[in-house]
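Content type mmCIF, C-alpha atoms, from the file my_file.cif:
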data_final
#
loop_
_atom_site.label_atom_id
_atom_site.label_comp_id
_atom_site.auth_asym_id
_atom_site.auth_seq_id
_atom_site.Cartn_x
_atom_site.Cartn_y
_atom_site.Cartn_z
CA MET R 1 -14.91 38.75 -6.56
CA LYS R 2 -18.59 39.47 -7.08
CA LEU R 3 -20.17 38.00 -3.94
CA ARG R 4 -22.40 39.80 -1.46
CA GLU R 5 -20.40 41.38 1.34
CA LYS R 6 -21.66 39.13 4.13
CA ILE R 7 -20.22 36.05 2.41
CA THR R 8 -16.56 36.08 3.35
CA LEU R 9 -13.81 34.43 1.36
CA GLU R 10 -13.07 32.29 4.41
CA GLU R 11 -16.65 31.02 4.42
CA VAL R 12 -16.50 30.25 0.72
CA CYS R 13 -13.19 28.43 0.93
CA GLY R 14 -13.71 26.65 4.21
CA LYS R 15 -16.70 24.46 4.90
CA THR R 16 -17.96 24.85 1.35
CA PHE R 17 -15.15 22.86 -0.21
CA LYS R 18 -14.77 20.37 2.59
CA ILE R 19 -18.36 19.34 1.92
CA ARG R 20 -18.53 19.57 -1.82
CA ILE R 21 -15.20 18.01 -2.72
CA VAL R 22 -16.20 14.64 -1.33
CA GLU R 23 -19.65 14.81 -2.93
CA ALA R 24 -18.41 15.50 -6.44
CA ALA R 25 -18.31 12.35 -8.55
CA ASP R 26 -16.03 13.20 -11.46
CA ASN R 27 -12.40 14.09 -12.15
CA GLY R 28 -12.99 17.62 -10.90
CA LYS R 29 -12.47 16.74 -7.25
CA ALA R 30 -9.31 14.80 -8.08
CA ALA R 31 -7.95 17.64 -10.21
CA LEU R 32 -8.62 20.12 -7.41
CA THR R 33 -6.77 18.15 -4.72
CA HIS R 34 -3.94 17.29 -7.12
CA TYR R 35 -3.55 20.98 -7.95
CA LEU R 36 -3.35 21.90 -4.27
CA HIS R 37 -0.66 19.26 -3.68
CA ASN R 38 1.41 20.40 -6.64
CA SER R 39 0.98 24.17 -6.50
CA LYS R 40 4.71 24.81 -6.05
CA ASN R 41 5.93 22.81 -9.01
CA GLY R 42 5.26 22.78 -12.72
CA VAL R 43 2.95 19.79 -12.40
CA SER R 44 0.07 22.00 -11.20
CA SER R 45 -0.50 23.14 -14.77
CA PHE R 46 -1.89 19.68 -15.60
CA TYR R 47 -4.68 20.19 -13.08
CA LYS R 48 -5.35 23.96 -12.89
CA LYS R 49 -8.07 24.33 -15.54
CA GLU R 50 -10.20 21.50 -14.19
CA ALA R 51 -9.54 22.60 -10.59
CA ILE R 52 -10.85 26.11 -11.30
CA ASN R 53 -13.91 24.68 -13.07
CA GLN R 54 -14.59 22.46 -10.06
CA ILE R 55 -14.48 25.41 -7.67
CA LYS R 56 -16.71 27.44 -9.96
CA LYS R 57 -19.29 24.64 -9.98
CA THR R 58 -19.02 24.39 -6.18
CA LEU R 59 -19.60 28.10 -5.69
CA GLU R 60 -22.49 28.13 -8.12
CA TYR R 61 -24.08 25.27 -6.20
CA LYS R 62 -23.56 26.92 -2.81
CA PHE R 63 -24.49 30.45 -3.87
CA PRO R 64 -26.94 30.11 -6.79
CA ALA R 65 -27.99 33.78 -6.62
CA GLU R 66 -24.45 35.09 -7.04
CA GLU R 67 -22.48 35.72 -10.21
CA ILE R 68 -19.41 33.50 -10.11
CA ASN R 69 -16.78 33.96 -12.81
CA LEU R 70 -13.52 32.13 -13.43
CA GLU R 71 -11.50 34.91 -11.78
CA ALA R 72 -13.49 34.51 -8.57
CA ALA R 73 -13.00 30.77 -8.69
CA GLU R 74 -9.24 31.16 -9.20
CA ALA R 75 -9.04 33.57 -6.25
CA ALA R 76 -10.79 30.98 -4.08
CA LEU R 77 -8.40 28.31 -5.33
CA GLN R 78 -5.38 30.34 -4.29
CA TYR R 79 -6.91 30.95 -0.85
CA MET R 80 -7.19 27.21 -0.28
CA LEU R 81 -3.43 26.79 -0.66
CA PHE R 82 -2.62 28.39 2.69
CA ASP R 83 -3.53 25.54 5.02
CA TYR R 84 -4.67 22.68 2.86
CA GLN R 85 -2.21 20.08 4.25
CA ASP R 86 -2.34 21.18 7.88
CA ASN R 87 -4.53 18.34 9.09
CA ILE R 88 -3.31 15.53 6.86
CA PRO R 89 -1.72 12.59 8.72
CA PHE R 90 0.69 11.82 5.87
CA PRO R 91 1.64 14.97 3.92
CA SER R 92 4.09 14.93 1.04
CA PRO R 93 7.73 15.71 1.87
CA LYS R 94 8.52 19.41 1.61
CA ARG R 95 11.80 18.74 -0.19
CA PRO R 96 11.19 15.58 -2.23
CA LYS R 97 14.10 13.49 -3.51
CA PHE R 98 12.14 11.97 -6.39
CA THR R 99 8.65 11.82 -7.92
CA PHE R 100 6.26 8.96 -8.63
CA ILE R 101 2.71 8.15 -9.67
CA ASP R 102 0.38 5.71 -7.92
CA LEU R 103 -1.90 3.58 -10.15
CA PHE R 104 -4.57 1.20 -8.80
CA ALA R 105 -3.78 3.02 -5.58
CA GLY R 106 -6.24 1.38 -3.18
CA ILE R 107 -5.66 3.09 0.16
CA GLY R 108 -2.14 4.21 -0.65
CA GLY R 109 0.26 1.46 0.42
CA PHE R 110 2.66 2.36 -2.38
CA ARG R 111 2.29 6.04 -1.54
CA MET R 112 3.01 5.48 2.14
CA ALA R 113 6.17 3.53 1.32
CA MET R 114 7.49 5.90 -1.35
CA GLN R 115 6.74 9.02 0.71
CA ASN R 116 8.67 7.47 3.60
CA LEU R 117 11.64 7.33 1.22
CA GLY R 118 11.30 11.02 0.35
CA GLY R 119 9.14 10.71 -2.76
CA LYS R 120 6.48 13.11 -4.00
CA CYS R 121 3.33 11.62 -5.54
CA LEU R 122 2.29 13.61 -8.63
CA PHE R 123 -0.73 11.58 -9.72
CA THR R 124 -2.90 8.83 -8.33
CA SER R 125 -5.87 6.83 -9.59
CA GLU R 126 -8.31 4.43 -7.95
CA TRP R 127 -11.85 3.56 -9.03
CA ASP R 128 -13.35 2.38 -5.72
CA GLU R 129 -15.21 5.23 -3.95
CA TYR R 130 -14.70 3.83 -0.44
CA SER R 131 -10.96 3.54 -1.01
CA LYS R 132 -10.94 7.12 -2.29
CA LYS R 133 -12.53 8.22 0.97
CA THR R 134 -9.77 6.54 3.01
CA TYR R 135 -7.09 7.86 0.64
CA ARG R 136 -8.29 11.44 1.02
CA ALA R 137 -8.56 11.20 4.81
CA ASN R 138 -4.89 10.17 5.07
CA TYR R 139 -3.15 11.96 2.20
CA GLY R 140 -5.46 14.91 1.57
CA GLU R 141 -5.79 13.96 -2.06
CA ILE R 142 -8.64 12.40 -4.00
CA PRO R 143 -7.55 9.87 -6.63
CA PHE R 144 -8.65 10.18 -10.22
CA GLY R 145 -11.03 7.47 -11.39
CA ASP R 146 -10.91 4.72 -14.01
CA ILE R 147 -7.41 4.61 -15.49
CA THR R 148 -8.68 2.84 -18.59
CA GLN R 149 -10.42 6.06 -19.63
CA GLU R 150 -8.52 8.49 -21.84
CA ALA R 151 -9.99 11.40 -19.87
CA THR R 152 -8.18 10.10 -16.79
CA LYS R 153 -4.90 9.34 -18.56
CA ASN R 154 -4.81 12.91 -19.90
CA PHE R 155 -4.22 14.19 -16.36
CA ILE R 156 -1.00 12.20 -15.89
CA PRO R 157 1.95 14.65 -15.87
CA ASP R 158 5.27 14.27 -17.67
CA ASN R 159 8.72 13.69 -16.24
CA PHE R 160 8.03 11.67 -13.09
CA ASP R 161 10.69 9.23 -11.91
CA VAL R 162 8.86 6.03 -10.88
CA LEU R 163 5.59 4.43 -11.97
CA CYS R 164 4.03 2.32 -9.20
CA ALA R 165 1.13 -0.03 -9.87
CA GLY R 166 -0.47 -2.97 -8.11
CA PHE R 167 -2.49 -3.96 -11.16
CA PRO R 168 -5.01 -6.84 -11.19
CA CYS R 169 -4.03 -10.03 -13.00
CA GLN R 170 -5.86 -10.93 -16.20
CA ALA R 171 -5.29 -13.51 -18.92
CA PHE R 172 -4.10 -12.38 -22.35
CA SER R 173 -5.12 -13.72 -25.74
CA ILE R 174 -1.72 -14.79 -27.01
CA ALA R 175 -2.48 -18.00 -28.91
CA GLY R 176 -0.53 -17.94 -32.18
CA ARG R 177 0.86 -14.47 -31.48
CA ARG R 178 4.14 -13.07 -30.31
CA GLY R 179 2.83 -12.17 -26.85
CA GLY R 180 3.59 -8.47 -27.25
CA PHE R 181 2.03 -5.09 -26.54
CA ASP R 182 -1.01 -5.52 -28.82
CA ASP R 183 -1.83 -8.88 -27.24
CA THR R 184 -2.52 -7.21 -23.89
CA ARG R 185 -5.39 -5.02 -25.17
CA GLY R 186 -8.50 -5.30 -23.08
CA THR R 187 -6.52 -5.96 -19.90
CA LEU R 188 -5.52 -3.54 -17.17
CA PHE R 189 -1.87 -4.28 -17.79
CA PHE R 190 -2.33 -2.81 -21.27
CA ASP R 191 -3.27 0.53 -19.67
CA VAL R 192 -0.18 0.41 -17.46
CA ALA R 193 1.99 -0.42 -20.47
CA GLU R 194 0.40 2.36 -22.50
CA ILE R 195 1.21 4.91 -19.79
CA ILE R 196 4.80 3.65 -19.62
CA LYS R 197 5.04 3.97 -23.39
CA ARG R 198 3.77 7.56 -23.35
CA LYS R 199 5.54 8.89 -20.27
CA LYS R 200 8.76 6.83 -20.21
CA PRO R 201 9.45 6.99 -16.46
CA LYS R 202 12.95 6.19 -15.27
CA ALA R 203 11.73 3.16 -13.33
CA ILE R 204 8.67 0.97 -12.90
CA PHE R 205 7.57 -0.94 -9.82
CA LEU R 206 4.72 -3.43 -10.27
CA GLU R 207 3.12 -5.72 -7.69
CA ASN R 208 0.77 -8.64 -8.11
CA VAL R 209 -0.37 -11.88 -6.50
CA LYS R 210 2.10 -14.74 -6.30
CA GLY R 211 -0.06 -16.75 -8.70
CA LEU R 212 0.87 -14.45 -11.57
CA ARG R 213 4.03 -16.52 -12.01
CA ASN R 214 1.99 -19.57 -13.06
CA HIS R 215 -1.09 -17.80 -14.40
CA ASP R 216 -2.24 -19.30 -17.70
CA LYS R 217 0.68 -21.76 -17.53
CA GLY R 218 3.17 -18.91 -17.24
CA LYS R 219 2.04 -17.22 -20.46
CA THR R 220 0.69 -14.11 -18.72
CA LEU R 221 3.96 -13.27 -16.96
CA LYS R 222 5.96 -14.13 -20.07
CA THR R 223 3.89 -11.65 -22.08
CA ILE R 224 4.26 -8.94 -19.44
CA LEU R 225 8.05 -9.32 -19.36
CA ASN R 226 8.24 -9.39 -23.16
CA VAL R 227 6.29 -6.13 -23.38
CA LEU R 228 8.39 -4.40 -20.73
CA ARG R 229 11.74 -5.63 -22.02
CA ASN R 230 11.28 -5.59 -25.79
CA ASP R 231 8.34 -3.36 -26.68
CA LEU R 232 8.94 -0.68 -24.05
CA ASP R 233 12.73 -1.03 -23.84
CA TYR R 234 13.24 -1.49 -20.09
CA PHE R 235 15.82 -3.52 -18.25
CA VAL R 236 13.72 -5.90 -16.15
CA PRO R 237 15.48 -8.45 -13.94
CA GLU R 238 13.68 -11.66 -13.09
CA PRO R 239 10.68 -10.90 -10.87
CA GLU R 240 10.93 -11.88 -7.23
CA ILE R 241 8.43 -13.43 -4.82
CA VAL R 242 8.69 -11.21 -1.74
CA ASN R 243 7.21 -12.25 1.62
CA ALA R 244 6.02 -9.51 3.97
CA LYS R 245 7.03 -11.59 7.02
CA ASN R 246 10.67 -10.95 6.11
CA PHE R 247 10.28 -7.18 6.42
CA GLY R 248 8.98 -6.58 9.91
CA VAL R 249 5.31 -7.57 9.91
CA PRO R 250 3.91 -10.84 11.33
CA GLN R 251 2.06 -11.95 8.20
CA ASN R 252 2.90 -14.72 5.76
CA ARG R 253 2.10 -12.74 2.62
CA GLU R 254 3.87 -13.58 -0.65
CA ARG R 255 3.56 -11.24 -3.62
CA ILE R 256 5.42 -10.99 -6.92
CA PHE R 257 7.39 -7.77 -7.50
CA ILE R 258 8.45 -6.63 -10.96
CA VAL R 259 11.05 -3.85 -11.22
CA GLY R 260 12.34 -2.20 -14.37
CA PHE R 261 14.65 0.63 -15.48
CA ARG R 262 14.65 2.57 -18.73
CA LYS R 263 17.50 1.15 -20.79
CA ASP R 264 19.08 4.51 -21.67
CA LEU R 265 19.97 4.89 -17.97
CA ASN R 266 22.44 2.00 -18.38
CA ILE R 267 21.29 0.23 -15.23
CA ASN R 268 22.06 -3.40 -15.91
CA GLU R 269 21.71 -5.06 -12.53
CA PHE R 270 19.32 -4.98 -9.61
CA SER R 271 19.15 -6.93 -6.36
CA TYR R 272 15.92 -7.27 -4.44
CA PRO R 273 16.19 -6.51 -0.72
CA LYS R 274 17.29 -9.21 1.65
CA PRO R 275 15.12 -10.13 4.67
CA ILE R 276 15.71 -7.99 7.72
CA LYS R 277 16.84 -9.55 10.99
CA LYS R 278 13.77 -8.69 13.02
CA SER R 279 11.51 -11.28 14.57
CA VAL R 280 7.89 -10.21 14.98
CA VAL R 281 4.80 -12.15 16.07
CA PHE R 282 1.10 -11.44 16.27
CA GLU R 283 1.39 -10.25 19.87
CA ASP R 284 3.37 -7.27 18.54
CA VAL R 285 0.31 -5.99 16.64
CA LYS R 286 -2.46 -7.26 18.92
CA GLU R 287 -4.93 -4.76 20.37
CA GLU R 288 -3.66 -3.52 23.72
CA LYS R 289 -7.12 -3.16 25.26
CA GLU R 290 -10.33 -5.16 25.33
CA VAL R 291 -12.12 -5.04 21.99
CA SER R 292 -15.83 -4.98 21.25
CA VAL R 293 -17.87 -8.13 21.67
CA LYS R 294 -18.88 -7.79 18.00
CA TYR R 295 -15.53 -9.33 17.00
CA TYR R 296 -16.13 -12.50 19.04
CA LEU R 297 -17.63 -15.55 17.35
CA SER R 298 -20.95 -17.00 18.44
CA THR R 299 -21.02 -20.52 19.82
CA GLN R 300 -23.13 -21.66 16.88
CA TYR R 301 -20.85 -20.20 14.24
CA LEU R 302 -17.79 -21.62 15.94
CA GLU R 303 -19.41 -25.07 15.95
CA THR R 304 -20.26 -24.67 12.24
CA LEU R 305 -16.61 -23.89 11.48
CA ARG R 306 -15.46 -26.96 13.39
CA ARG R 307 -17.88 -29.27 11.60
CA HIS R 308 -16.91 -27.74 8.26
CA ARG R 309 -13.22 -28.37 8.88
CA ALA R 310 -13.86 -31.92 10.11
CA ARG R 311 -15.74 -32.74 6.88
CA HIS R 312 -12.87 -31.49 4.75
CA GLU R 313 -10.23 -33.23 6.86
CA SER R 314 -12.10 -36.52 6.46
CA LYS R 315 -11.73 -36.08 2.70
CA GLY R 316 -8.04 -35.27 2.98
CA ASN R 317 -8.46 -31.55 2.42
CA GLY R 318 -6.78 -28.84 4.43
CA PHE R 319 -9.64 -26.37 4.25
CA GLY R 320 -10.85 -24.73 7.44
CA TYR R 321 -10.48 -21.99 9.99
CA ALA R 322 -7.23 -21.29 11.84
CA ILE R 323 -6.43 -19.68 15.16
CA VAL R 324 -3.25 -17.60 15.24
CA SER R 325 -1.42 -17.81 18.56
CA ASP R 326 0.19 -14.72 20.03
CA ASP R 327 3.68 -16.08 19.43
CA SER R 328 3.16 -16.97 15.74
CA ILE R 329 2.54 -15.06 12.52
CA ALA R 330 -0.74 -14.55 10.72
CA ASN R 331 -1.80 -16.17 7.48
CA ALA R 332 -2.16 -13.83 4.53
CA ILE R 333 -5.12 -11.53 5.08
CA VAL R 334 -7.37 -11.72 2.06
CA VAL R 335 -10.77 -10.49 0.95
CA GLY R 336 -13.66 -12.95 0.82
CA GLY R 337 -13.74 -16.67 1.32
CA MET R 338 -12.30 -17.65 4.70
CA GLY R 339 -10.07 -14.58 4.93
CA LYS R 340 -11.07 -13.60 8.46
CA GLU R 341 -11.71 -17.15 9.67
CA ARG R 342 -8.17 -18.23 8.78
CA ASN R 343 -6.88 -15.52 11.10
CA LEU R 344 -8.87 -15.99 14.29
CA VAL R 345 -7.14 -15.25 17.60
CA TYR R 346 -7.48 -16.04 21.29
CA ASP R 347 -8.34 -13.08 23.50
CA ASP R 348 -9.73 -13.78 26.98
CA ARG R 349 -10.08 -10.14 28.06
CA LEU R 350 -13.76 -9.78 27.13
CA THR R 351 -15.87 -8.69 30.11
CA ASN R 352 -19.20 -7.87 28.44
CA PHE R 353 -20.69 -10.86 26.63
CA GLU R 354 -23.92 -9.10 25.64
CA PRO R 355 -24.15 -9.26 21.80
CA VAL R 356 -24.29 -5.97 19.92
CA THR R 357 -25.17 -7.62 16.61
CA ASN R 358 -27.71 -10.26 15.63
CA ILE R 359 -26.09 -13.65 16.21
CA LYS R 360 -27.32 -17.21 16.53
CA GLY R 361 -26.43 -18.71 19.85
CA GLU R 362 -24.32 -16.97 22.49
CA VAL R 363 -20.91 -15.33 22.43
CA ASN R 364 -18.31 -18.05 22.89
CA ARG R 365 -16.54 -18.26 26.24
CA GLU R 366 -13.31 -19.62 24.76
CA GLY R 367 -12.04 -16.15 23.86
CA ILE R 368 -12.02 -16.78 20.12
CA ARG R 369 -12.49 -13.67 17.98
CA LYS R 370 -11.74 -12.19 14.59
CA MET R 371 -8.87 -9.80 14.24
CA THR R 372 -9.92 -6.15 14.23
CA PRO R 373 -9.45 -3.83 11.22
CA ARG R 374 -6.68 -2.06 13.14
CA GLU R 375 -4.84 -5.35 13.60
CA TRP R 376 -5.15 -5.96 9.86
CA ALA R 377 -3.76 -2.47 9.27
CA ARG R 378 -0.76 -3.27 11.46
CA LEU R 379 -0.23 -6.58 9.66
CA GLN R 380 0.16 -4.56 6.46
CA GLY R 381 2.57 -2.12 8.08
CA TYR R 382 0.28 0.89 8.45
CA PRO R 383 1.03 3.07 11.48
CA ASP R 384 -1.65 3.61 14.11
CA ASN R 385 -2.30 7.21 13.03
CA PHE R 386 -3.57 5.90 9.69
CA LYS R 387 -7.24 6.85 9.70
CA ILE R 388 -9.91 4.20 9.26
CA VAL R 389 -12.94 6.18 8.10
CA VAL R 390 -15.12 3.41 6.64
CA SER R 391 -17.17 0.52 7.99
CA ASP R 392 -15.48 -2.63 9.28
CA ALA R 393 -16.57 -4.50 6.15
CA GLN R 394 -14.93 -1.94 3.89
CA ALA R 395 -11.85 -1.69 6.12
CA TYR R 396 -11.24 -5.45 5.93
CA LYS R 397 -11.60 -5.24 2.16
CA GLN R 398 -9.21 -2.30 1.88
CA PHE R 399 -6.46 -3.73 4.05
CA GLY R 400 -6.89 -7.19 2.54
CA ASN R 401 -6.36 -5.75 -0.93
CA SER R 402 -3.47 -3.51 0.10
CA VAL R 403 0.23 -4.03 -0.41
CA ALA R 404 2.39 -4.64 2.65
CA VAL R 405 4.03 -1.26 3.16
CA PRO R 406 7.40 -2.42 4.63
CA ALA R 407 8.05 -4.85 1.76
CA ILE R 408 7.23 -2.15 -0.80
CA GLN R 409 9.42 0.34 1.02
CA ALA R 410 12.41 -1.99 1.18
CA THR R 411 12.19 -2.65 -2.56
CA GLY R 412 11.50 1.00 -3.34
CA LYS R 413 14.65 1.95 -1.46
CA LYS R 414 16.68 -0.32 -3.72
CA ILE R 415 15.10 1.25 -6.82
CA ILE R 416 15.92 4.78 -5.66
CA GLN R 417 19.47 3.78 -4.84
CA ASN R 418 19.94 2.39 -8.34
CA LEU R 419 18.56 5.60 -9.83
CA ASP R 420 20.96 7.56 -7.60
CA LEU R 421 18.23 10.05 -6.67
#

Could you rewrite the structure in this file as structure tokens?
Amino acid sequence: MKLREKITLEEVCGKTFKIRIVEAADNGKAALTHYLHNSKNGVSSFYKKEAINQIKKTLEYKFPAEEINLEAAEAALQYMLFDYQDNIPFPSPKRPKFTFIDLFAGIGGFRMAMQNLGGKCLFTSEWDEYSKKTYRANYGEIPFGDITQEATKNFIPDNFDVLCAGFPCQAFSIAGRRGGFDDTRGTLFFDVAEIIKRKKPKAIFLENVKGLRNHDKGKTLKTILNVLRNDLDYFVPEPEIVNAKNFGVPQNRERIFIVGFRKDLNINEFSYPKPIKKSVVFEDVKEEKEVSVKYYLSTQYLETLRRHRARHESKGNGFGYAIVSDDSIANAIVVGGMGKERNLVYDDRLTNFEPVTNIKGEVNREGIRKMTPREWARLQGYPDNFKIVVSDAQAYKQFGNSVAVPAIQATGKKIIQNLDL
């Protein structure tokens, strides 16, 4: 390695990469972390070339006066393998029972659930940079970017067991057509279907909003099922609306789950998991200590909410804020709109009423506050050692968009049992 003697390999492979990996803005950083996570299996070959190039660019940036060749970069890459996962809260299982990929990964709800079942994630993609930051902090891996791009799809390895995807819902142009594979072009489902067609995983596990069932008068779901069953040749039982409240979290969150198995496996039946017999309420996830005054509503904003609800009620509408009692369950946490206001709580433990943000009026003395990001994390089934490394605004967005981990895990367990893995 042609570097001046005072620059040690430890220096090159320590702080250098911890800084530069997160600053890189292309597939190089994803390839590098994916290589490190898959160094002991054949999958690493999909990422090695780009990983070495990324390290070479990093070294050239850090040490512009030095001659860095590919051999030096590869030596640095191998050095990084020694302790890369030491400080990761949720490392991959050392002896995985099955493999999966994580598309539209968000902050890794699917990954958390499938790893808990003994699965090894071989590839992940997510376009949002803030979500990538949270993903890396918890799993030590940086997701690849836009899955609609061929350059990203080319990194997906072969021979994984389960494809997981919480893809966004879009309408398809199916008027006068058969509602098949070609009719989904231009939608994100098309990219999922294309990956299934190329890679032929043993099973697929898709998640979407409950409204998918009636989206575009049912045509969207009908097209999706037609593509999976007939074009891609998968056994797909009728999708199920699964509610997170039935799987150990106090949140009324309904989502549609779609499960499928490659037909050559001769799996001809599948039963979604039954609700568990565990009663949980908001008090079970409530902050144990006093929270910051910034989460408490101002008197003026609280009055605005009350007037707003009164206007709607006078018109026969049900719109408005809601306060979740300690012995009840939360409404679905969602991004935007009245997402936080429909999940206000009572908490009379506040001792410092001095505002820390610019508010109109005073902090209310009724003990009414928003839930905290950590409470939202718990409502989605994330353990308390899950790192929140972004602003509150981004954290609410990330948890609001996430899957509910326990519901995913319960269904994933059924899938793995059917595959006999």

- Task: Name the residues that the PyMOL selection byres ((chain R and resi 146-149) around 9) pulls out of this structure, and write them as number ranges by chain.
- Result: R: 103-104, 125-128, 144-145, 150-154, 188, 190-192

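You will find CA of Tyr346 in chain R at 16.0 Å from CA of Pro250 in chain R.
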
- Measuring atom to atom with only C-alpha atoms, identify which of R:Gly108, R:Gly140, R:Pro168, R:Gly361 is nearest to Glu303 in chain R. R:Gly361

- Item | Hits of the PyMOL selection byres ((chain R and resi 228) around 10) in this structure, as a ChimeraX atom specification | /R:180-181,193,196-197,204,223-227,229-236,259-262

- Return the single residue from R:Lys340, R:Pro373, R:Tyr301, R:Gly381 that is closest to Lys360 in chain R, with distances computed using only C-alpha atoms.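 Residue with the minimum atom-to-atom distance to Lys360 in chain R: R:Tyr301.
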
- Message: One decimal, in Å: what's the spacing between CA of Gly166 in chain R and CA of Asp284 in chain R?
- Response: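 Distance reported for this atom pair: 27.3 Å.
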
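Using all atoms listed in the file for every distance, the candidate list R:Glu194, R:Glu207, R:Glu362, R:Glu141 yields R:Glu141 as the residue closest to Pro89 in chain R.
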
- Query: Which residues match the PyMOL selection byres ((chain R and resi 160) around 8) in the file above, as a PyMOL selection string?
  - Reply: chain R and resi 98-101+122+157-159+161-163+201-202

- Message: What does the structure give for the distance between CA of Phe247 in chain R and CA of Lys274 in chain R, in Å to one decimal?
- Response: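 Taking CA of Phe247 in chain R as the start and CA of Lys274 in chain R as the end point, the length is 8.7 Å.
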
- Query: For Val356 in chain R, which of R:Ser298, R:Ser131, R:Ser92, R:Asn268 is the closest residue, counting only C-alpha atoms?
  - Reply: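 Among R:Ser298, R:Ser131, R:Ser92, R:Asn268, it is R:Ser298 that comes nearest to Val356 in chain R.
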
- Message: Can you tell me which residues surround Ala51 in chain R at a distance of at most 7 Å, considering all atoms listed in the file, apart from same-chain residues fewer than 5 positions away, and format the answer as number ranges by chain?
- Response: R: 28, 31-32, 35

Using all atoms listed in the file, which protein or nucleic acid residues come within 12 Å of Lys277 in chain R? Drop anything in the same chain fewer than 6 positions from it, and give the result as a PDB file with C-alpha atoms, in the frame of the given file.
ATOM      1  CA  LYS R 245       7.030 -11.590   7.020  1.00  0.00           C
ATOM      2  CA  ASN R 246      10.670 -10.950   6.110  1.00  0.00           C
ATOM      3  CA  PHE R 247      10.280  -7.180   6.420  1.00  0.00           C
ATOM      4  CA  GLY R 248       8.980  -6.580   9.910  1.00  0.00           C
ATOM      5  CA  VAL R 249       5.310  -7.570   9.910  1.00  0.00           C
TER       6      VAL R 249
END

- Item | Ala410 in chain R surroundings by all atoms listed in the file, 10 Å radius, close-in-sequence under 6 positions cut, as a ChimeraX atom specification | /R:113-114,117,247,272-276
